[in-house]
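Worksheet for the structure shown next.
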Amino acid sequence: MKMKMPVMLHVARALLSLKLVILVYSMVQLQIKIREADAKFMYLDAHSESLYYAFGAAEASIYIALIPALLAVIFISCKMYKTSLIIVILGLLQVFSSKEVLSILIYIFAVVTILLHRPSQKYLRRQSSNTKTT
């Protein structure tokens, strides 16, 4: 019998996916700004190093926020309970340090859904249909 993904887990995965889309959009916008700055300030050797450092720091912060959200979506989709929970908690700790209120709420919702919502627990803990039990 194939079990459908519970609605609450769908919502948590969708919110994390929305966060991914926003982060990827931010990354694209940052790359456009880097190209524009490179064209404008190419002749300024003294200032270009600090400019690239600032862009590099912004890009690194986006990658740090992107990785836990991406892994959480992947592991929820793969029905891995413990790994999903660990990644979502790590993502929650990461967004606590960045003080992004909306991201904190998204991760708290995902943790509560995985830990307390009984259908989501059953769905994530069940074995895949490819494994046959005797």
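Going through the structure tokens in order, the chains are called A, B, and so on, while each chain numbers its residues from 1 and the ligands are numbered from 1 in the order shown.
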
What lies within 12 Å of range 110-121 of chain A using only C-alpha atoms, ignoring chain neighbours under 4 positions off, as a PyMOL selection string?
chain A and resi 3-17+69+72-73+75-77+79-93+103-106+125-127

Could the residues in this selection be saved with C-alpha atoms as a PDB file, in the first residue's frame?
```
ATOM      1  CA  MET A   3       1.137   6.098   1.461  1.00  0.00           C
ATOM      2  CA  LYS A   4       0.753   9.690   0.302  1.00  0.00           C
ATOM      3  CA  MET A   5       2.901  12.439   1.764  1.00  0.00           C
ATOM      4  CA  PRO A   6       0.923  14.230   4.512  1.00  0.00           C
ATOM      5  CA  VAL A   7      -0.242  17.781   3.832  1.00  0.00           C
ATOM      6  CA  MET A   8       1.789  19.275   6.692  1.00  0.00           C
ATOM      7  CA  LEU A   9       4.962  17.684   5.324  1.00  0.00           C
ATOM      8  CA  HIS A  10       4.084  18.966   1.843  1.00  0.00           C
ATOM      9  CA  VAL A  11       3.756  22.466   3.290  1.00  0.00           C
ATOM     10  CA  ALA A  12       7.096  22.214   5.117  1.00  0.00           C
ATOM     11  CA  ARG A  13       8.814  20.951   1.965  1.00  0.00           C
ATOM     12  CA  ALA A  14       7.153  23.656  -0.133  1.00  0.00           C
ATOM     13  CA  LEU A  15       8.273  26.405   2.256  1.00  0.00           C
ATOM     14  CA  LEU A  16      11.832  25.104   2.211  1.00  0.00           C
ATOM     15  CA  SER A  17      11.648  24.918  -1.596  1.00  0.00           C
ATOM     16  CA  ALA A  69      17.565  24.069   2.771  1.00  0.00           C
ATOM     17  CA  ALA A  72      16.342  19.220   3.845  1.00  0.00           C
ATOM     18  CA  VAL A  73      14.170  19.188   0.719  1.00  0.00           C
ATOM     19  CA  PHE A  75      16.005  14.170   2.458  1.00  0.00           C
ATOM     20  CA  ILE A  76      12.299  14.848   3.044  1.00  0.00           C
ATOM     21  CA  SER A  77      11.638  13.772  -0.540  1.00  0.00           C
ATOM     22  CA  LYS A  79      11.777   9.770   3.179  1.00  0.00           C
ATOM     23  CA  MET A  80      14.810   9.757   5.479  1.00  0.00           C
ATOM     24  CA  TYR A  81      13.492  10.602   8.942  1.00  0.00           C
ATOM     25  CA  LYS A  82      16.652  10.953  11.026  1.00  0.00           C
ATOM     26  CA  THR A  83      18.685  12.662   8.337  1.00  0.00           C
ATOM     27  CA  SER A  84      15.854  15.096   7.547  1.00  0.00           C
ATOM     28  CA  LEU A  85      15.520  15.954  11.213  1.00  0.00           C
ATOM     29  CA  ILE A  86      19.261  16.495  11.654  1.00  0.00           C
ATOM     30  CA  ILE A  87      19.540  18.704   8.578  1.00  0.00           C
ATOM     31  CA  VAL A  88      16.474  20.781   9.525  1.00  0.00           C
ATOM     32  CA  ILE A  89      17.850  21.308  13.045  1.00  0.00           C
ATOM     33  CA  LEU A  90      21.246  22.327  11.620  1.00  0.00           C
ATOM     34  CA  GLY A  91      19.468  24.721   9.269  1.00  0.00           C
ATOM     35  CA  LEU A  92      17.535  26.137  12.224  1.00  0.00           C
ATOM     36  CA  LEU A  93      20.777  26.736  14.125  1.00  0.00           C
ATOM     37  CA  SER A 103      13.568  31.554   7.804  1.00  0.00           C
ATOM     38  CA  ILE A 104      13.504  30.822  11.537  1.00  0.00           C
ATOM     39  CA  LEU A 105       9.725  30.340  11.368  1.00  0.00           C
ATOM     40  CA  ILE A 106      10.035  28.064   8.315  1.00  0.00           C
ATOM     41  CA  ARG A 125       9.965   6.402   8.954  1.00  0.00           C
ATOM     42  CA  ARG A 126       8.416   3.845   6.630  1.00  0.00           C
ATOM     43  CA  GLN A 127      10.654   1.849   4.345  1.00  0.00           C
TER      44      GLN A 127
END
```

Write down as a PyMOL selection string the residues belonging to chain A that are assigned alpha helix (DSSP H) by DSSP computed on the backbone.
chain A and resi 7-40+45-77+81-98+101-116+118-125

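Checking A:Lys122, A:Lys19, A:Lys2, A:Lys99 one by one against Leu70 in chain A, counting only C-alpha atoms, you find the shortest gap at A:Lys19.
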
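Across the model, the gap from CA of Tyr52 in chain A to CA of Leu102 in chain A is 28.6 Å.
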
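Reported to one decimal place, the separation of CA of Gln29 in chain A from CA of Tyr63 in chain A is 13.7 Å.
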
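Take the candidates A:Leu18, A:Leu66, A:Ala54, A:Leu124 and check each one against Lys33 in chain A using only C-alpha atoms; the shortest distance goes to A:Ala54.
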